[in-house]
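The next block holds one structure in the form of structure tokens; read it before the comments.
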Amino acid sequence: MKPNIPRDYSYDVAKGLCIFLVVFGHAERGLNGSVAPPHFSLMGFADYAIYTFHMPFFFFVSGLFFSGQDTAPRDFFAKLVRNIVYPYLFWSVLHGSLMVVMGRLGLTNTTIDFTRVLEILWSPISPFWFLYSLFFCQLASHVFLRVPALVRAAFALILFIFFYLQGQQVPWDIAYGLIYFTLGIVAKQYGFQQKRYTTPSFLALLAAFAISAYVSWQIEIPERFPFLSAGLGIVLMIAISQALVIRESPISLMFKTLGQLSVGIYVMHIIAIGFGRAVAVKLLHVTDIASLLAITTIIGVALPAIVQMAAIRFGIHEWVALPASAYRRHNASAA
């Protein structure tokens with residue numbers, strides 16, 4: 001009988017760290033009118049550095065754990081519909097409808113009408129471009145399984161540059177995700193998940209990421225183009241998560257839980273941020289930017305997490321398009 005091997009929660013923690021950064025970035029840009037903060041400021045650099053890697057991280061990890069190559073076509077497509085298509089459609093319609101209402105009440109920076117909701121099949125509503133792109137990443141990786149992953153990554157890079165030059169946003173988003181998704185598959189082939197980072201390697205990663213991101217920021221390279229910064233940022237998040245898991249502190253437990261609930265936080269955080277900003281400004285009359293950023297970030301993370309935990313508790317998570325994996329992890333961590 002094989003001994004029980006303790007579960008490695010480092011990737012849950014890493015997802016928790018990055019989903020927190022996603023919410024922070026959107027809350028911060030929301031307070032700046034949905035644009036990046038003034039350049040050549042500390043917040044400007046933080047914003048740029050976060051945006052170089054936080055979404056590439058999720059594509060990379062999705063590729064790292066992609067199992068489509070080992071799944072029969074029928075099972076693969078069933079899983080694709082259950083885990084991506086249904087959540088995308090459910091939350092796009094719900095989110096879009098709420099955005100229409102909240103926009104008319106002056107609770108969001110942007111306003112849309114219901115005709116925009118009808119366009120989600122070919123033009124995703126932010127932030128659901130991630131799920132839309134992930135669908136095509138998984139589909140392409142399954143269909144072109146026999147093509148070497150490095151070749152697929154190179155082709156994705158060519159498409160990324162081509163669609164950028166053509167100014168086609170949706171195909172560009174897909175190509176952007178496909179680069180990192182495929183690199184995750186490549187990393188898996190080389191045993192990346194078994195890699196462990198020491199304190200000196202962590203410090204070296206931190207310094208290299210900071211320097212790389214700072215140089216790219218100073219010369220004003222668009223935030224999706226510093227591929228070196230993105231790669232270093234991804235590995236840095238994993239190194240930090242490994243250190244947190246070893247110490248088993250309340251902080252690591254918090255980020256592990258957020259990582260297990262990251263899909264729910266992602267699909268709900270924009271609405272939660274808008275709600276938090278409305279409460280802070282209209283009811284509490286908060287005007288300080290730092291306080292507003294803290295309040296909206298905390299609510300943007302906590303409210304979706306509470307909603308998803310309630311859905312899991314009452315067994316309705318699948319009905320409201322929240323992943324079954326979060327339910328299984330919840331039970332495993334409670335056991």
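By convention in this document, the chains of the structure tokens carry letters A, B, ... by their order, each chain's residues are numbered from 1, and ligands are numbered from 1 in the order they are shown.
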**Request:** Do a neighbour search on Val151 in chain A at 12 Å with only C-alpha atoms, toss out local chain neighbours closer than 4 positions, and write the hits as a PyMOL selection string.
**Result:** chain A and resi 141+144-147+155-158+178-179+182-183+185-186
Counting only C-alpha atoms, what are the residues of range 20-86 of chain A within 7 Å of range 289-310 of chain A, and for each of them which pair of atoms is the nearest and at what distance in Å, to one decimal? Sort the table by chain and rising number, as JSON lines.
{"residue": "A:Phe20", "atom": "CA", "partner": "A:Val301", "partner_atom": "CA", "distance": 6.8}
{"residue": "A:Val23", "atom": "CA", "partner": "A:Thr297", "partner_atom": "CA", "distance": 6.0}
{"residue": "A:Phe24", "atom": "CA", "partner": "A:Thr297", "partner_atom": "CA", "distance": 5.3}
{"residue": "A:Ala27", "atom": "CA", "partner": "A:Thr297", "partner_atom": "CA", "distance": 5.9}
{"residue": "A:Glu28", "atom": "CA", "partner": "A:Leu293", "partner_atom": "CA", "distance": 6.1}
**Request:** Kindly give the distance, in Å, that separates CA of Gln193 in chain A and CA of Tyr11 in chain A, rounded to a single decimal.
**Result:**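 Taking CA of Gln193 in chain A as the start and CA of Tyr11 in chain A as the end point, the length is 9.2 Å.
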**Message:** Using only C-alpha atoms, which protein or nucleic acid residues come within 8 Å of Phe114 in chain A? Drop anything in the same chain fewer than 5 positions from it, and give the result as an NGL selection string.
**Reply:** :A and (96-97 or 100)
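Across the structure, CA of Leu232 in chain A and CA of Lys195 in chain A are spaced 14.4 Å apart.
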**Message:** Among range 187-241 of chain A, which residues does DSSP mark as alpha helix (DSSP H) when it is run on the backbone? Keep the chain and numbering as in the structure and answer as JSON, numbers by chain.
**Reply:** {"A": [187, 188, 189, 199, 200, 201, 202, 203, 204, 205, 206, 207, 208, 209, 210, 211, 212, 213, 214, 215, 216, 217, 218, 227, 228, 229, 230, 231, 232, 233, 234, 235, 236, 237, 238, 239, 240, 241]}
**Asked** Which is closer to Ile211 in chain A than all the others in A:Phe60, A:Phe314, A:Phe90, A:Ser229, using only C-alpha atoms?
**Response** A:Ser229
**Prompt:** Using only C-alpha atoms, which of the listed residues (A:Pro56, A:Leu21, A:Lys79, A:Gly103) sits closest to Phe275 in chain A?
**Reply:** A:Gly103
Tell me which protein, DNA and RNA residues are within 12 Å of Gln194 in chain A, counting only C-alpha atoms, leaving out same-chain ones fewer than 5 positions away, and put them as an mmCIF file with N, CA, C and O atoms, in the first residue's frame.
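Final output, out.cif:
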data_model
loop_
_atom_site.group_PDB
_atom_site.id
_atom_site.type_symbol
_atom_site.label_atom_id
_atom_site.label_comp_id
_atom_site.auth_asym_id
_atom_site.auth_seq_id
_atom_site.Cartn_x
_atom_site.Cartn_y
_atom_site.Cartn_z
ATOM 1 N N ASP A 8 0.079 19.105 -2.396
ATOM 2 C CA ASP A 8 0.850 20.326 -2.580
ATOM 3 C C ASP A 8 -0.127 21.459 -2.871
ATOM 4 O O ASP A 8 -0.705 21.535 -3.961
ATOM 5 N N SER A 10 0.637 24.616 -3.020
ATOM 6 C CA SER A 10 1.330 25.837 -3.443
ATOM 7 C C SER A 10 0.637 26.511 -4.621
ATOM 8 O O SER A 10 0.615 27.748 -4.706
ATOM 9 N N TYR A 11 0.061 25.714 -5.532
ATOM 10 C CA TYR A 11 -0.612 26.336 -6.682
ATOM 11 C C TYR A 11 -1.951 26.946 -6.292
ATOM 12 O O TYR A 11 -2.387 27.929 -6.905
ATOM 13 N N LEU A 64 -0.509 24.126 -17.492
ATOM 14 C CA LEU A 64 0.296 23.224 -16.661
ATOM 15 C C LEU A 64 -0.529 22.027 -16.187
ATOM 16 O O LEU A 64 -0.017 20.912 -16.071
ATOM 17 N N ALA A 187 6.114 23.461 -19.935
ATOM 18 C CA ALA A 187 6.713 23.393 -18.600
ATOM 19 C C ALA A 187 6.380 22.069 -17.918
ATOM 20 O O ALA A 187 7.231 21.477 -17.233
ATOM 21 N N LYS A 188 5.161 21.607 -18.108
ATOM 22 C CA LYS A 188 4.758 20.320 -17.520
ATOM 23 C C LYS A 188 5.611 19.181 -18.074
ATOM 24 O O LYS A 188 6.006 18.269 -17.336
ATOM 25 N N GLN A 189 5.896 19.233 -19.357
ATOM 26 C CA GLN A 189 6.707 18.191 -19.987
ATOM 27 C C GLN A 189 8.118 18.137 -19.417
ATOM 28 O O GLN A 189 8.757 17.085 -19.435
ATOM 29 N N ILE A 238 4.908 31.549 -7.801
ATOM 30 C CA ILE A 238 4.985 30.150 -7.363
ATOM 31 C C ILE A 238 6.020 30.008 -6.253
ATOM 32 O O ILE A 238 5.802 29.287 -5.267
ATOM 33 N N ALA A 239 7.145 30.715 -6.365
ATOM 34 C CA ALA A 239 8.176 30.672 -5.318
ATOM 35 C C ALA A 239 7.636 31.230 -4.003
ATOM 36 O O ALA A 239 7.871 30.655 -2.927
ATOM 37 N N GLN A 242 5.214 28.710 -2.440
ATOM 38 C CA GLN A 242 5.906 27.588 -1.806
ATOM 39 C C GLN A 242 6.402 27.961 -0.415
ATOM 40 O O GLN A 242 6.296 27.177 0.532
#
**Message:** With only C-alpha atoms as the counted atoms, please give the residues lying no more than 12 Å from Asn83 in chain A, apart from itself and same-chain residues fewer than 2 positions off, as a PyMOL selection string.
**Reply:** chain A and resi 75-81+85-90+131-132+134-135+138+263+317-326
Residues from last step as file, C-alpha atoms, as a JSON list (two decimals), in the first residue's frame:
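Below is the file out23.json, written as the result:
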[["chain", "number", "residue", "atom", "x", "y", "z"],
["A", 75, "ASP", "CA", -15.38, 13.47, -22.36],
["A", 76, "PHE", "CA", -13.18, 16.41, -23.33],
["A", 77, "PHE", "CA", -16.02, 18.34, -24.98],
["A", 78, "ALA", "CA", -18.41, 17.54, -22.13],
["A", 79, "LYS", "CA", -15.88, 18.92, -19.66],
["A", 80, "LEU", "CA", -15.25, 21.96, -21.86],
["A", 81, "VAL", "CA", -18.97, 22.80, -21.91],
["A", 85, "VAL", "CA", -18.90, 27.34, -21.93],
["A", 86, "TYR", "CA", -21.70, 27.25, -19.36],
["A", 87, "PRO", "CA", -19.91, 29.53, -16.83],
["A", 88, "TYR", "CA", -19.02, 31.94, -19.64],
["A", 89, "LEU", "CA", -22.60, 32.21, -20.90],
["A", 90, "PHE", "CA", -24.22, 32.26, -17.45],
["A", 131, "LEU", "CA", -12.89, 32.35, -20.21],
["A", 132, "TYR", "CA", -13.53, 33.06, -23.89],
["A", 134, "LEU", "CA", -9.36, 29.78, -22.43],
["A", 135, "PHE", "CA", -12.04, 27.94, -24.41],
["A", 138, "GLN", "CA", -8.09, 24.21, -24.66],
["A", 263, "VAL", "CA", -13.08, 31.25, -10.48],
["A", 317, "HIS", "CA", -22.62, 25.74, -7.08],
["A", 318, "GLU", "CA", -23.00, 23.82, -10.34],
["A", 319, "TRP", "CA", -26.38, 25.42, -11.05],
["A", 320, "VAL", "CA", -24.84, 28.88, -10.77],
["A", 321, "ALA", "CA", -21.86, 27.88, -12.93],
["A", 322, "LEU", "CA", -19.24, 27.74, -10.19],
["A", 323, "PRO", "CA", -16.66, 24.97, -10.61],
["A", 324, "ALA", "CA", -17.08, 21.57, -9.06],
["A", 325, "SER", "CA", -13.33, 21.51, -8.42],
["A", 326, "ALA", "CA", -13.77, 24.19, -5.75]]
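Across the model, the gap from CA of Phe65 in chain A to CA of Ala49 in chain A is 25.2 Å.
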**Complete:** Of A:Leu236, A:Ser126, A:Ser92, A:His142, the one sitting nearest Ala210 in chain A when using only C-alpha atoms is A:Leu236
